[in-house]
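Note sheet for the following structure.
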Amino acid sequence: MTTPTLHFGRRRAWDQAPRWQIHLPLALYLLFTLVPFYWILLFALRPAGSTSLVPWPITFEHFAKVWTERSFATYFQNSVLIAVATLVLTTVVALAGGYALARFDFRAKKGFMLGLLCSQFVPGALLLVPLFQIFAQLRMINSLGSVIIAETVFQLPLSMILISGFIRNVPYSLEEAAWVDGCDRFRAFRTVVLPLLRPGLVAVGSFAFVHAWNHFLFALMFLSNQEKQTIPVGLNTLMGADSVDLGALAAGGVIAAVPVVIVFAYIQKWLITGFSAGAVKG
Amino acid sequence: MAQAAAVAESPPRARPRRGTGAHPRRLPYLLIAPAGLLMLGFIVYPVLSVFWTALQHDNPTKPWRNGFAGLDNFTEIFARDPQFWSTLSFSLKWVVVEVGLQLLFGLALALIVNQTFAGRALARALVFSPWAVSGVLTSAIWVLLYNSQTGLSRYLADAGIGEYGTSWLSDTATVFPAVVVADLWRGVPFFAILILADLQSVSKDLYEAAEVDGASRLRQFLHITLPHLKDAIILSTLLRAVWEFNNVDLLYTLTGGGPAGETTTLPLYIANTSVDAHNFGYASALTTVAFVILLCCSMVYLRLSKFGGGDK
């Protein structure tokens with residue numbers, strides 16, 4: 001059977017580099033990216049004391065150990081709670097604020113925008129002491145709520161700026177048409193604008209999730225009770241031990257990476273379009 | 001995808017109108033209220049309280065001295081605190097080296113994965129993946145790699161490179177490059193993702209016209225690609241510089257600021273002063289100084305780089 005032969009790529013495209021100029025640097029960079037990942041998998045999967053560069057025979061003893069003895073089961077649960085709550089809170093609050101910034105001119109708008117931009121320079125790490133005092137007064141030390149609020153607050157400014165950019169990209173006339181058809185403002189927003197915002201919301205929401213999942217200092221400072229601690233704090237404890245159990249550390253690291261890797265795989269294709277839909281250029 | 005395209009092609013925003021919908025005057029304030037209140041309570045108030053505490057002697061371990069201090073804390077910082085100057089200069093070195101290298105590699109990486117080749121989607125996913133990894137996890141990974149007994153150096157020594165028992169993190173000569181590489185591993189994808197996103201909007205006609213005029217690929221890059229990327233590069237380097245300056249996760253967990261204070265940044269020094277030494281007044285003054293330095297540097301940077309003013 002003969003198939004028609006198509007001559008793609010015979011003529012070099014306008015911006016196409018020679019093959020080796022792509023493959024060689026890419027291969028080198030992939031090596032740099034992947035060796036560390038391989039290293040942690042290797043330590044997590046090979047038996048303690050082994051020096052083999054291949055994780056064989058595979059063992060799950062390190063995972064069992066961190067999950068039960070080192071309380072990573074508890075940490076995991078806390079981290080999930082914090083990250084999901086931060087995602088929901090950040091997205092909802094930023095969506096409301098972002099809509100106001102995109103669709104209205106109001107007197108406090110300039111000042112509010114300036115405040116959002118300035119807050120980018122306020123490092124959460126430097127506000128640990130006053131934040132600790134506030135949460136102590138609210139009796140929220142050792143409650144996950146303190147970390148959820150702190151993570152949300154520091155995610156809000158950028159999320160709101162991004163979301164207002166996405167909303168601006170949706171023509172206002174679409175909403176107005178819905179009003180003419182008898183929708184009120186909220187319903188018009190929900191049925192017309194919200195579906196178009198999906199890529200942007202996925203990007204913002206997963207930022208918030210990944211950030212809250214990864215962040216370390218707030219949990220370290222506000223949650224001293226071991227029952228309340230999170231995965232990054234648990235990892236830090238493993239690293240700080242007098243004789244570091246490398247297998248346990250590696251297994252803990254793999255557990256820490258799993259949810260983020262899943263989220264990342266899911267949003268990857270939206271990441272580029274989400275940003276190019278007017279985020280960076282505002 | 002179709003949705004994203006529809007979004008991107010939409011005309012510039014319509015002018016907001018008053019008088020449509022419910023309560024249009026109060027509505028925007030209602031909508032920004034949750035965000036505004038959260039930020040007032042947990043950013044603005046703490047910042048003001050830091051400024052106020054900076055003017056106090058506030059140290060629970062020396063309660064007899066507590067009280068209004070005027071500018072005492074600030075004169076001590078500038079006149080009598082060698083640690084302030086050494087940690088500040090390390091911070092600057094850290095930020096310049098990290099942001100510079102991350103931008104360089106990120107730009108190169110974005111240009112490479114913007115080409116069309118087989119397996120591009122997989123290559124993108126793999127090289128971008130460290131972006132999502134936390135500072136603490138990065139530390140955990142590089143602690144394993146740098147371990148003197150079972151890390152890379154052992155296998156390199158097996159192959160005849162270097163000596164057994166080399167610990168890159170505890171030697172003052174190697175600790176800086178070691179932490180720079182660890183942070184690069186996580187930081188390069190940030191720039192690569194942002195720059196790649198911006199590359200999507202370069203008009204292909206420009207390259208075709210340049211091709212017709214016989215411009216080399218280097219000239220196309222210098223005269224079409226770079227000017228297009230300018231604003232995105234300025235903004236992302238600024239955001240990243242602020243972030244690298246403030247971020248303490250990686251250095252705190254990887255080196256703890258050591259060996260011998262060799263990798264202590266200003267924020268780490270502040271954290272030690274407040275959390276370990278409980279010298280809240282002095283730590284607040286240091287925070288104020290750091291905040292002012294950041295703000296001034298950002299202003300100067302935006303002004304010098306003429307952000308947003310380019311004619312493209």
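Letters A, B, ... mark the chains of the structure tokens in the order given; residue numbers begin at 1 per chain; ligand numbers begin at 1, in order shown.
Neighbours of His228 in chain B closer than or equal to 9 Å, with only C-alpha atoms counted and sequence neighbours fewer than 6 positions away skipped, come out as B:Asp198, B:Leu199, B:Ser201, B:Val202, B:Lys312.
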DSSP helix (DSSP H, G or I) residues within range 13-248 of chain A, as a PyMOL selection string: chain A and resi 19-45+61-68+72-103+109-119+124-137+144-168+172-180+185-196+198-214+217-222+226-228+231-240+246-248
Using only C-alpha atoms: which of A:Lys109, A:Lys65, A:Arg185, A:Arg103 has the shortest distance to Phe166 in chain A: A:Arg103
Interface residues on chain A facing chain B, 6 Å, only C-alpha atoms, written as a list of chain:residue names: A:Ile22, A:Ile40, A:Val93, A:Ala96, A:Gly97, A:Ala100, A:Arg103, A:Phe104, A:Pro123, A:Pro130, A:Arg168, A:Asn169, A:Val170, A:Pro171, A:Tyr172, A:Arg185, A:Asn214, A:Pro232, A:Gly253, A:Ile272, A:Phe275, A:Ser276, A:Ala277
Coordinates-based distance that separates CA of Ala136 in chain A from CA of Phe222 in chain A (Å, one decimal): 8.9 Å
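Contact shell of Ala178 in chain B at 9 Å (only C-alpha atoms; same-chain neighbours under 5 positions omitted): Trp142, Tyr146, Trp168, Leu169 and Asp183 of chain B.
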Could you write out the selected residues, including N, CA and C atoms, as an mmCIF file, in the first residue's frame?
data_model
loop_
_atom_site.group_PDB
_atom_site.id
_atom_site.type_symbol
_atom_site.label_atom_id
_atom_site.label_comp_id
_atom_site.auth_asym_id
_atom_site.auth_seq_id
_atom_site.Cartn_x
_atom_site.Cartn_y
_atom_site.Cartn_z
ATOM 1 N N TRP B 142 19.234 18.564 47.288
ATOM 2 C CA TRP B 142 20.658 18.916 47.146
ATOM 3 C C TRP B 142 21.465 18.504 48.367
ATOM 4 N N TYR B 146 24.820 16.630 47.680
ATOM 5 C CA TYR B 146 26.071 17.197 48.192
ATOM 6 C C TYR B 146 26.638 16.413 49.367
ATOM 7 N N TRP B 168 30.780 19.951 49.853
ATOM 8 C CA TRP B 168 30.737 21.273 49.227
ATOM 9 C C TRP B 168 30.022 22.303 50.087
ATOM 10 N N LEU B 169 29.107 21.833 50.931
ATOM 11 C CA LEU B 169 28.315 22.802 51.692
ATOM 12 C C LEU B 169 29.016 23.307 52.943
ATOM 13 N N ASP B 183 19.856 26.715 43.736
ATOM 14 C CA ASP B 183 18.755 27.649 43.532
ATOM 15 C C ASP B 183 18.483 27.870 42.047
#
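Using only C-alpha atoms, the protein and nucleic acid residues lying no more than 9 Å from Val96 in chain B, apart from those fewer than 5 places from it along its own chain, are Ser91, Leu101 and Ala241 of chain B.
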Residue subset to file, keeping all heavy atoms, as a short mmCIF file (atom, residue, chain, number, x, y, z; two decimals), in the first residue's frame:
data_model
loop_
_atom_site.label_atom_id
_atom_site.label_comp_id
_atom_site.auth_asym_id
_atom_site.auth_seq_id
_atom_site.Cartn_x
_atom_site.Cartn_y
_atom_site.Cartn_z
N SER B 91 23.55 39.60 50.45
CA SER B 91 22.23 39.60 49.82
C SER B 91 22.32 40.14 48.40
O SER B 91 21.73 39.58 47.47
CB SER B 91 21.25 40.47 50.61
OG SER B 91 20.82 39.80 51.75
N LEU B 101 21.94 34.88 36.31
CA LEU B 101 22.10 33.54 35.72
C LEU B 101 20.75 32.92 35.36
O LEU B 101 20.61 32.28 34.31
CB LEU B 101 22.87 32.62 36.67
CG LEU B 101 24.35 32.96 36.86
CD1 LEU B 101 24.99 32.04 37.88
CD2 LEU B 101 25.09 32.86 35.53
N ALA B 241 13.94 39.45 41.58
CA ALA B 241 14.97 40.02 42.46
C ALA B 241 14.38 40.25 43.86
O ALA B 241 15.00 39.89 44.86
CB ALA B 241 15.51 41.32 41.89
#
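Put simply, CA of Lys93 in chain B is 14.2 Å away from CA of Arg240 in chain B.
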